[in-house]
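Undergrad: Take a look at upload.pdb, PDB, C-alpha atoms:
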ATOM      1  CA  MET A 542     -26.816 -49.167 -32.267
ATOM      2  CA  MET A 543     -23.403 -47.495 -31.988
ATOM      3  CA  ASP A 544     -23.219 -43.982 -33.422
ATOM      4  CA  ASP A 545     -21.071 -43.808 -36.549
ATOM      5  CA  ASP A 546     -18.975 -41.005 -35.053
ATOM      6  CA  TYR A 547     -18.295 -42.806 -31.791
ATOM      7  CA  ASP A 548     -14.647 -42.903 -30.733
ATOM      8  CA  MET A 549     -13.481 -41.357 -34.002
ATOM      9  CA  GLU A 550     -10.292 -39.254 -33.871
ATOM     10  CA  ASP A 551     -10.967 -35.552 -33.927
ATOM     11  CA  THR A 552      -9.178 -34.218 -36.996
ATOM     12  CA  SER A 553     -10.622 -30.696 -36.835
ATOM     13  CA  PRO A 554      -8.156 -27.810 -36.376
ATOM     14  CA  SER A 555      -7.432 -26.940 -32.766
ATOM     15  CA  SER A 556      -9.293 -23.952 -31.374
ATOM     16  CA  HIS A 557      -6.233 -23.127 -29.282
ATOM     17  CA  PRO A 558      -3.294 -21.752 -31.318
ATOM     18  CA  PRO A 559       0.202 -22.647 -30.158
ATOM     19  CA  PRO A 560       1.771 -20.387 -27.528
ATOM     20  CA  VAL A 561       3.958 -17.521 -28.642
ATOM     21  CA  ALA A 562       7.653 -18.369 -28.337
ATOM     22  CA  ALA A 563       9.844 -16.124 -26.213
ATOM     23  CA  PRO A 564      11.766 -13.408 -28.089
ATOM     24  CA  LEU A 565      15.459 -13.615 -28.822
ATOM     25  CA  SER A 566      17.673 -11.187 -26.936
ATOM     26  CA  SER A 567      18.369  -9.439 -30.252
ATOM     27  CA  GLU A 568      14.644  -8.723 -30.649
ATOM     28  CA  VAL A 569      14.317  -6.875 -27.337
ATOM     29  CA  VAL A 570      15.281  -3.250 -26.753
ATOM     30  CA  HIS A 571      15.421  -1.708 -23.273
ATOM     31  CA  ASP A 572      14.126   1.824 -22.859
ATOM     32  CA  GLY A 573      14.730   2.770 -19.244
ATOM     33  CA  SER A 574      12.874   0.229 -17.156
ATOM     34  CA  SER A 575      10.712  -0.983 -20.062
ATOM     35  CA  ALA A 576      11.499  -3.790 -22.497
ATOM     36  CA  LEU A 577      10.185  -3.570 -26.051
ATOM     37  CA  ILE A 578      10.028  -6.159 -28.817
ATOM     38  CA  VAL A 579      11.029  -3.925 -31.728
ATOM     39  CA  THR A 580      10.881  -4.626 -35.460
ATOM     40  CA  VAL A 581      12.198  -2.101 -37.975
ATOM     41  CA  TRP A 582      11.008  -2.318 -41.582
ATOM     42  CA  ASP A 583      12.632  -0.992 -44.705
ATOM     43  CA  GLU A 584      10.576   0.974 -47.191
ATOM     44  CA  HIS A 585       9.453  -1.986 -49.267
ATOM     45  CA  PRO A 586       8.673  -5.037 -47.082
ATOM     46  CA  LYS A 587       7.260  -8.133 -48.728
ATOM     47  CA  PRO A 588       3.643  -8.984 -47.804
ATOM     48  CA  ARG A 589       4.646 -12.439 -46.563
ATOM     49  CA  GLU A 590       7.198 -10.853 -44.218
ATOM     50  CA  VAL A 591       4.528  -8.624 -42.732
ATOM     51  CA  ALA A 592       2.144 -11.574 -42.366
ATOM     52  CA  SER A 593       4.881 -13.592 -40.661
ATOM     53  CA  TYR A 594       5.599 -10.731 -38.248
ATOM     54  CA  LEU A 595       1.930 -10.364 -37.301
ATOM     55  CA  ALA A 596       1.635 -14.117 -36.740
ATOM     56  CA  ARG A 597       4.808 -14.095 -34.630
ATOM     57  CA  TRP A 598       3.680 -11.325 -32.274
ATOM     58  CA  PRO A 599      -0.125 -11.269 -31.911
ATOM     59  CA  PRO A 600      -0.786  -8.819 -29.053
ATOM     60  CA  SER A 601      -3.679 -10.859 -27.682
ATOM     61  CA  ARG A 602      -1.397 -13.879 -27.081
ATOM     62  CA  THR A 603       2.016 -12.350 -26.385
ATOM     63  CA  PRO A 604       2.575 -12.507 -22.600
ATOM     64  CA  VAL A 605       3.470  -9.344 -20.754
ATOM     65  CA  THR A 606       6.327 -11.327 -19.197
ATOM     66  CA  PHE A 607       8.124 -11.144 -22.576
ATOM     67  CA  ALA A 608       8.071  -7.335 -22.871
ATOM     68  CA  ALA A 609       6.060  -4.281 -21.900
ATOM     69  CA  TRP A 610       5.438  -3.346 -25.538
ATOM     70  CA  ILE A 611       5.494  -4.696 -29.088
ATOM     71  CA  ALA A 612       6.791  -1.938 -31.351
ATOM     72  CA  VAL A 613       7.162  -1.340 -35.063
ATOM     73  CA  GLU A 614       9.134   1.354 -36.878
ATOM     74  CA  ARG A 615       9.456   2.338 -40.493
ATOM     75  CA  GLY A 616      13.173   2.317 -41.281
ATOM     76  CA  PRO A 617      15.866   3.269 -41.277
ATOM     77  CA  GLN A 618      15.809   2.889 -37.515
ATOM     78  CA  SER A 619      15.569   6.132 -35.651
ATOM     79  CA  ASN A 620      16.050   6.865 -31.995
ATOM     80  CA  PRO A 621      14.343  10.137 -31.082
ATOM     81  CA  GLN A 622      15.442   9.616 -27.479
ATOM     82  CA  LYS A 623      19.019  10.526 -28.487
ATOM     83  CA  ALA A 624      17.986  14.120 -29.140
ATOM     84  CA  GLN A 625      15.920  14.346 -25.968
ATOM     85  CA  ASP A 626      17.490  15.847 -22.870
ATOM     86  CA  ILE A 627      15.474  13.918 -20.270
ATOM     87  CA  ALA A 628      17.906  14.706 -17.430
ATOM     88  CA  GLY A 629      17.707  18.418 -18.170
ATOM     89  CA  LEU A 630      13.943  18.198 -18.441
ATOM     90  CA  SER A 631      13.678  16.555 -15.024
ATOM     91  CA  ARG A 632      15.956  19.176 -13.489
ATOM     92  CA  ASP A 633      13.978  22.108 -14.900
ATOM     93  CA  TRP A 634      10.687  20.454 -13.939
ATOM     94  CA  GLU A 635      11.806  20.281 -10.319
ATOM     95  CA  THR A 636      12.803  23.947 -10.495
ATOM     96  CA  LEU A 637       9.408  24.866 -11.920
ATOM     97  CA  LYS A 638       7.619  22.997  -9.128
ATOM     98  CA  GLU A 639       9.789  24.718  -6.526
ATOM     99  CA  ARG A 640       8.813  28.098  -7.976
ATOM    100  CA  ALA A 641       5.165  27.074  -7.842
ATOM    101  CA  ALA A 642       5.494  25.988  -4.226
ATOM    102  CA  ALA A 643       7.229  29.251  -3.278
ATOM    103  CA  SER A 644       4.485  31.233  -4.968
ATOM    104  CA  ALA A 645       1.894  29.175  -3.118
ATOM    105  CA  VAL A 646       3.396  30.102   0.231
ATOM    106  CA  VAL A 647       2.684  33.738  -0.556
ATOM    107  CA  GLN A 648      -0.937  32.826  -1.290
ATOM    108  CA  GLN A 649      -1.408  30.911   1.934
ATOM    109  CA  GLY A 650      -3.193  33.832   3.464
ATOM    110  CA  VAL A 651      -6.376  32.404   1.925
ATOM    111  CA  GLU A 652      -8.081  30.791   4.911
ATOM    112  CA  GLY A 653      -8.355  27.004   4.832
ATOM    113  CA  GLN A 654      -5.980  26.452   1.900
ATOM    114  CA  SER A 655      -2.647  24.645   2.066
ATOM    115  CA  ALA A 656       0.400  25.588   0.014
ATOM    116  CA  LEU A 657      -0.304  22.653  -2.309
ATOM    117  CA  GLN A 658      -3.912  23.756  -2.825
ATOM    118  CA  CYS A 659      -2.775  27.276  -3.608
ATOM    119  CA  SER A 660      -0.100  25.998  -6.016
ATOM    120  CA  THR A 661      -2.725  24.291  -8.177
ATOM    121  CA  VAL A 662      -4.255  27.631  -9.141
ATOM    122  CA  ASN A 663      -1.115  29.691  -9.609
ATOM    123  CA  PRO A 664       0.050  30.592 -13.127
ATOM    124  CA  ILE A 665       3.462  28.881 -12.952
ATOM    125  CA  VAL A 666       2.809  25.232 -13.839
ATOM    126  CA  THR A 667       0.777  25.704 -17.018
ATOM    127  CA  VAL A 668       0.348  24.110 -20.437
ATOM    128  CA  GLU A 669       2.454  26.929 -21.874
ATOM    129  CA  ALA A 670       5.226  26.287 -19.345
ATOM    130  CA  LEU A 671       5.278  22.592 -20.227
ATOM    131  CA  ASP A 672       5.415  23.438 -23.924
ATOM    132  CA  ALA A 673       8.437  25.656 -23.251
ATOM    133  CA  LEU A 674      10.161  22.802 -21.393
ATOM    134  CA  ALA A 675       9.380  20.401 -24.247
ATOM    135  CA  LEU A 676      10.911  22.756 -26.805
ATOM    136  CA  ALA A 677      13.961  23.546 -24.682
ATOM    137  CA  HIS A 678      14.796  19.868 -24.122
ATOM    138  CA  GLY A 679      13.740  18.374 -27.444
ATOM    139  CA  VAL A 680      10.881  16.311 -25.988
ATOM    140  CA  LEU A 681       8.377  17.091 -28.735
ATOM    141  CA  SER A 682       7.070  13.646 -29.623
ATOM    142  CA  GLY A 683       3.603  12.500 -28.649
ATOM    143  CA  LYS A 684       1.106   9.764 -29.396
ATOM    144  CA  TRP A 685      -2.485   9.021 -30.217
ATOM    145  CA  LEU A 686      -3.777   6.483 -27.675
ATOM    146  CA  ILE A 687      -6.159   3.762 -28.826
ATOM    147  CA  TYR A 688      -7.732   1.223 -26.474
ATOM    148  CA  ALA A 689      -9.073  -2.124 -27.701
ATOM    149  CA  GLU A 690     -10.351  -5.344 -26.172
ATOM    150  CA  PRO A 691      -8.331  -8.559 -26.610
ATOM    151  CA  HIS A 692     -10.750 -10.069 -29.149
ATOM    152  CA  LYS A 693     -10.327  -6.997 -31.403
ATOM    153  CA  ILE A 694      -6.708  -6.028 -30.931
ATOM    154  CA  ASP A 695      -4.989  -8.408 -33.376
ATOM    155  CA  ASP A 696      -7.022  -7.192 -36.343
ATOM    156  CA  LEU A 697      -6.653  -3.538 -35.366
ATOM    157  CA  TRP A 698      -2.908  -3.880 -34.802
ATOM    158  CA  SER A 699      -2.422  -5.585 -38.166
ATOM    159  CA  ARG A 700      -4.100  -2.653 -39.930
ATOM    160  CA  ILE A 701      -2.048  -0.099 -38.020
ATOM    161  CA  VAL A 702       1.216  -1.963 -38.688
ATOM    162  CA  THR A 703       0.401  -2.167 -42.395
ATOM    163  CA  ALA A 704      -0.282   1.571 -42.453
ATOM    164  CA  VAL A 705       2.916   2.414 -40.561
ATOM    165  CA  ILE A 706       5.208   0.468 -42.876
ATOM    166  CA  ALA A 707       3.389   1.508 -46.065
ATOM    167  CA  ASN A 708       5.296   4.831 -46.027
ATOM    168  CA  ALA A 709       2.517   6.517 -47.985
ATOM    169  CA  PRO A 710       2.425  10.330 -47.942
ATOM    170  CA  ALA A 711      -0.942  10.226 -46.165
ATOM    171  CA  GLY A 712      -0.082   7.220 -44.006
ATOM    172  CA  VAL A 713       0.179   6.711 -40.280
ATOM    173  CA  GLY A 714       3.315   7.925 -38.475
ATOM    174  CA  ALA A 715       6.634   6.108 -38.569
ATOM    175  CA  ARG A 716       6.345   4.503 -35.114
ATOM    176  CA  ALA A 717       3.708   2.586 -33.191
ATOM    177  CA  LYS A 718       3.551   0.186 -30.275
ATOM    178  CA  VAL A 719       0.952  -2.024 -28.615
ATOM    179  CA  SER A 720       0.735  -3.492 -25.132
ATOM    180  CA  PRO A 721       0.831  -7.311 -24.873
ATOM    181  CA  ALA A 722      -1.685  -9.521 -23.099
ATOM    182  CA  ARG A 723      -2.508  -8.485 -19.537
ATOM    183  CA  PRO A 724      -5.300 -10.601 -18.028
ATOM    184  CA  GLY A 725      -8.466  -8.599 -17.498
ATOM    185  CA  GLU A 726      -7.139  -5.436 -19.162
ATOM    186  CA  PRO A 727      -7.681  -3.867 -22.592
ATOM    187  CA  HIS A 728      -4.752  -3.297 -24.922
ATOM    188  CA  VAL A 729      -3.409   0.165 -25.664
ATOM    189  CA  VAL A 730      -1.891   1.215 -28.983
ATOM    190  CA  CYS A 731       0.363   4.282 -29.241
ATOM    191  CA  VAL A 732       0.799   5.836 -32.692
ATOM    192  CA  TYR A 733       3.506   8.490 -32.628
ATOM    193  CA  VAL A 734       3.931  11.963 -34.037
ATOM    194  CA  GLU A 735       7.410  13.472 -33.823
ATOM    195  CA  ASP A 736       6.319  17.053 -33.046
ATOM    196  CA  TYR A 737       3.073  17.496 -31.127
ATOM    197  CA  SER A 738       3.195  21.274 -31.657
ATOM    198  CA  ASN A 739       2.681  20.627 -35.389
ATOM    199  CA  GLU A 740      -1.102  20.456 -35.299
ATOM    200  CA  ALA A 741      -1.322  19.752 -39.027
ATOM    201  CA  GLU A 742       0.812  16.610 -38.622
ATOM    202  CA  VAL A 743      -1.118  15.533 -35.519
ATOM    203  CA  GLY A 744      -4.364  15.911 -37.463
ATOM    204  CA  ARG A 745      -2.991  14.109 -40.517
ATOM    205  CA  VAL A 746      -2.080  11.049 -38.471
ATOM    206  CA  ARG A 747      -5.525  11.117 -36.835
ATOM    207  CA  GLU A 748      -7.184  11.070 -40.264
ATOM    208  CA  ALA A 749      -4.970   8.164 -41.302
ATOM    209  CA  LEU A 750      -6.123   6.233 -38.220
ATOM    210  CA  ARG A 751      -9.732   6.802 -39.220
ATOM    211  CA  ARG A 752      -8.949   5.225 -42.578
ATOM    212  CA  VAL A 753      -7.763   2.046 -40.852
ATOM    213  CA  GLY A 754     -10.936   1.823 -38.779
ATOM    214  CA  VAL A 755     -10.422   3.984 -35.690
ATOM    215  CA  HIS A 756     -13.670   5.949 -35.982
ATOM    216  CA  TRP A 757     -14.310   6.541 -32.285
ATOM    217  CA  LYS A 758     -12.844   9.487 -30.378
ATOM    218  CA  ILE A 759      -9.324   9.039 -29.010
ATOM    219  CA  GLY A 760      -6.907  11.211 -27.056
ATOM    220  CA  PHE A 761      -3.440  12.513 -27.891
ATOM    221  CA  LYS A 762      -0.827  12.815 -25.143
ATOM    222  CA  PRO A 763       2.540  14.590 -25.460
ATOM    223  CA  ASP A 764       5.449  12.457 -24.268
ATOM    224  CA  ILE A 765       6.557  15.231 -21.935
ATOM    225  CA  TYR A 766       3.366  14.658 -19.940
ATOM    226  CA  THR A 767       4.339  11.015 -19.520
ATOM    227  CA  HIS A 768       7.889  11.897 -18.443
ATOM    228  CA  LEU A 769       6.628  14.417 -15.881
ATOM    229  CA  GLY A 770       3.790  12.287 -14.519
ATOM    230  CA  ILE A 771       0.942  14.438 -15.817
ATOM    231  CA  TYR A 772      -1.945  12.001 -15.485
ATOM    232  CA  LYS A 773      -5.643  12.306 -14.770
ATOM    233  CA  ALA A 774      -6.525  14.279 -11.614
ATOM    234  CA  ASN A 775      -3.005  15.770 -11.352
ATOM    235  CA  VAL A 776      -2.650  18.584  -8.822
ATOM    236  CA  TRP A 777      -1.889  21.089 -11.587
ATOM    237  CA  LYS A 778      -5.310  20.501 -13.188
ATOM    238  CA  ILE A 779      -3.700  20.040 -16.605
ATOM    239  CA  ARG A 780      -5.606  17.776 -18.994
ATOM    240  CA  PRO A 781      -3.452  14.711 -19.836
ATOM    241  CA  SER A 782      -4.900  14.594 -23.370
ATOM    242  CA  ARG A 783      -3.763  17.569 -25.405
ATOM    243  CA  TYR A 784      -6.107  16.764 -28.267
ATOM    244  CA  PHE A 785      -9.283  14.678 -28.416
ATOM    245  CA  ALA A 786     -10.722  13.758 -31.799
TER     246      ALA A 786
END
Take the structure from the file and write it as structure tokens.
TA:
Amino acid sequence: MMDDDYDMEDTSPSSHPPPVAAPLSSEVVHDGSSALIVTVWDEHPKPREVASYLARWPPSRTPVTFAAWIAVERGPQSNPQKAQDIAGLSRDWETLKERAAASAVVQQGVEGQSALQCSTVNPIVTVEALDALALAHGVLSGKWLIYAEPHKIDDLWSRIVTAVIANAPAGVGARAKVSPARPGEPHVVCVYVEDYSNEAEVGRVREALRRVGVHWKIGFKPDIYTHLGIYKANVWKIRPSRYFA
């Protein structure tokens, strides 16, 4: 006897959502070599507008070929890069490294050590020196870094976006960005603070992230460390994460 369901049309919803459409040129901002899909919100966005935005750019399904980042800002649009003297920072960083190398030459009398090895323990390239460069060149922003797997990122990003645009006194900072889909890699979310030397503000944003579900420990990295290539296992032995909470 033929089964009643045999050859019946499947009317159940598809388990595969439609692909994300490519962004318009007006939706993409170029920051150096990186392209960002940026959306700026006014102080009172409508809930349906936020829902539409989140459906338009789900990080788990937005291809990295579209942009390196998906970013959101609470308006009016700001551009902290305008006040940052990146060229001057790079110039003074090279000078600082040259001083460190010159100092290392003096220390080369230590048997078996190269100038580079000596330079990693001299007191020239230090956290305090980097802080002075950041202040001198206006590169004071920084970000909390949050990593999430693809099956969790859309929900987490929606909560962070909602907190960013809420503009509440105890809310998340005014800028955040998330990496799009990269096969085999977790997503990273950056939630910004405008002045990393303001520990109270850094801590306030961290508490706000806990309220949206980020209960595990995360690191905070000043943007100057990114500009200068201060990553894990750097020769200066400077921790890339300034704070960890």
Undergrad: When the PyMOL selection byres ((chain A and resi 705) around 12) is applied to the file above, which residues end up in the set, as a PyMOL selection string?
TA: chain A and resi 580-586+591+612-616+698-704+706-718+731-734+746+749-750+753
Undergrad: At what distance in Å, to one decimal, does atom CA of Tyr688 of chain A lie from atom CA of Pro558 of chain A?
TA: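 Between atom CA of Pro558 of chain A and atom CA of Tyr688 of chain A the gap works out to 23.9 Å.
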Undergrad: So how many Å separate atom CA of Leu674 of chain A and atom CA of Gln625 of chain A, to one decimal?
TA: 11.2 Å
Undergrad: Mind pulling up the distance from atom CA of Val730 of chain A to atom CA of Glu742 of chain A?
TA: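 The value is 18.4 Å.
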Undergrad: Got a sec to check which residues sit within 7 Å of (5.3, -7.7, -33.5), counting all atoms listed in the file, and write them as a PyMOL selection string?
TA: chain A and resi 578+580+594-595+597-599+611-613
Undergrad: Excluding Pro604 of chain A and its own-chain neighbours fewer than 5 positions away, which residues fall within 10 Å of it when counting only C-alpha atoms? Please give them as a list of chain:residue names.
TA: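 Those residues are A:Pro560, A:Val561, A:Ala562, A:Ala563, A:Trp598, A:Pro599, A:Ala609, A:Ser720, A:Pro721, A:Ala722, A:Arg723, A:Pro724.
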Undergrad: Which residues, written as JSON, numbers by chain, have at least one atom at most 9 Å from segment 726-728 of chain A, with only C-alpha atoms counted and residues fewer than 5 positions away on the same chain left out?
TA: {"A": [600, 601, 687, 688, 689, 690, 691, 694, 719, 720, 721]}
Undergrad: Can you work out which one of A:Gly725, A:Gly760, A:Gly629, A:Pro664 has the shortest atom-to-atom distance to Ala677 of chain A, counting all atoms listed in the file?
TA: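 Under the stated criterion, the closest residue is A:Gly629.
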Undergrad: If you apply the PyMOL selection byres ((chain A and resi 759) around 10) to this file, what residues do you get, as a ChimeraX atom specification?
TA: /A:685-688,747,755-758,760-761,782,784-786
Undergrad: If we count only C-alpha atoms, what is near Val666 of chain A at a cut-off of 7 Å, once residues fewer than 6 positions away on the same chain are taken out, given as a list of chain:residue names?
TA: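 Once the nearby chain positions are removed, what remains is A:Leu637, A:Ala641, A:Trp777.
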Undergrad: Residues as selected, C-alpha atoms, written as a CSV table (one decimal), in the frame of the given file, can you do that?
TA:
chain,number,residue,atom,x,y,z
A,637,LEU,CA,9.4,24.9,-11.9
A,641,ALA,CA,5.2,27.1,-7.8
A,777,TRP,CA,-1.9,21.1,-11.6
Undergrad: Around segment 681-685 of chain A, with edges along x, y and z and 4 Å added on all six sides, what centre and edge lengths do you get, in Å to one decimal, as JSON?
TA:
{"center_x": 2.9, "center_y": 13.1, "center_z": -29.4, "size_x": 18.9, "size_y": 16.1, "size_z": 9.6}
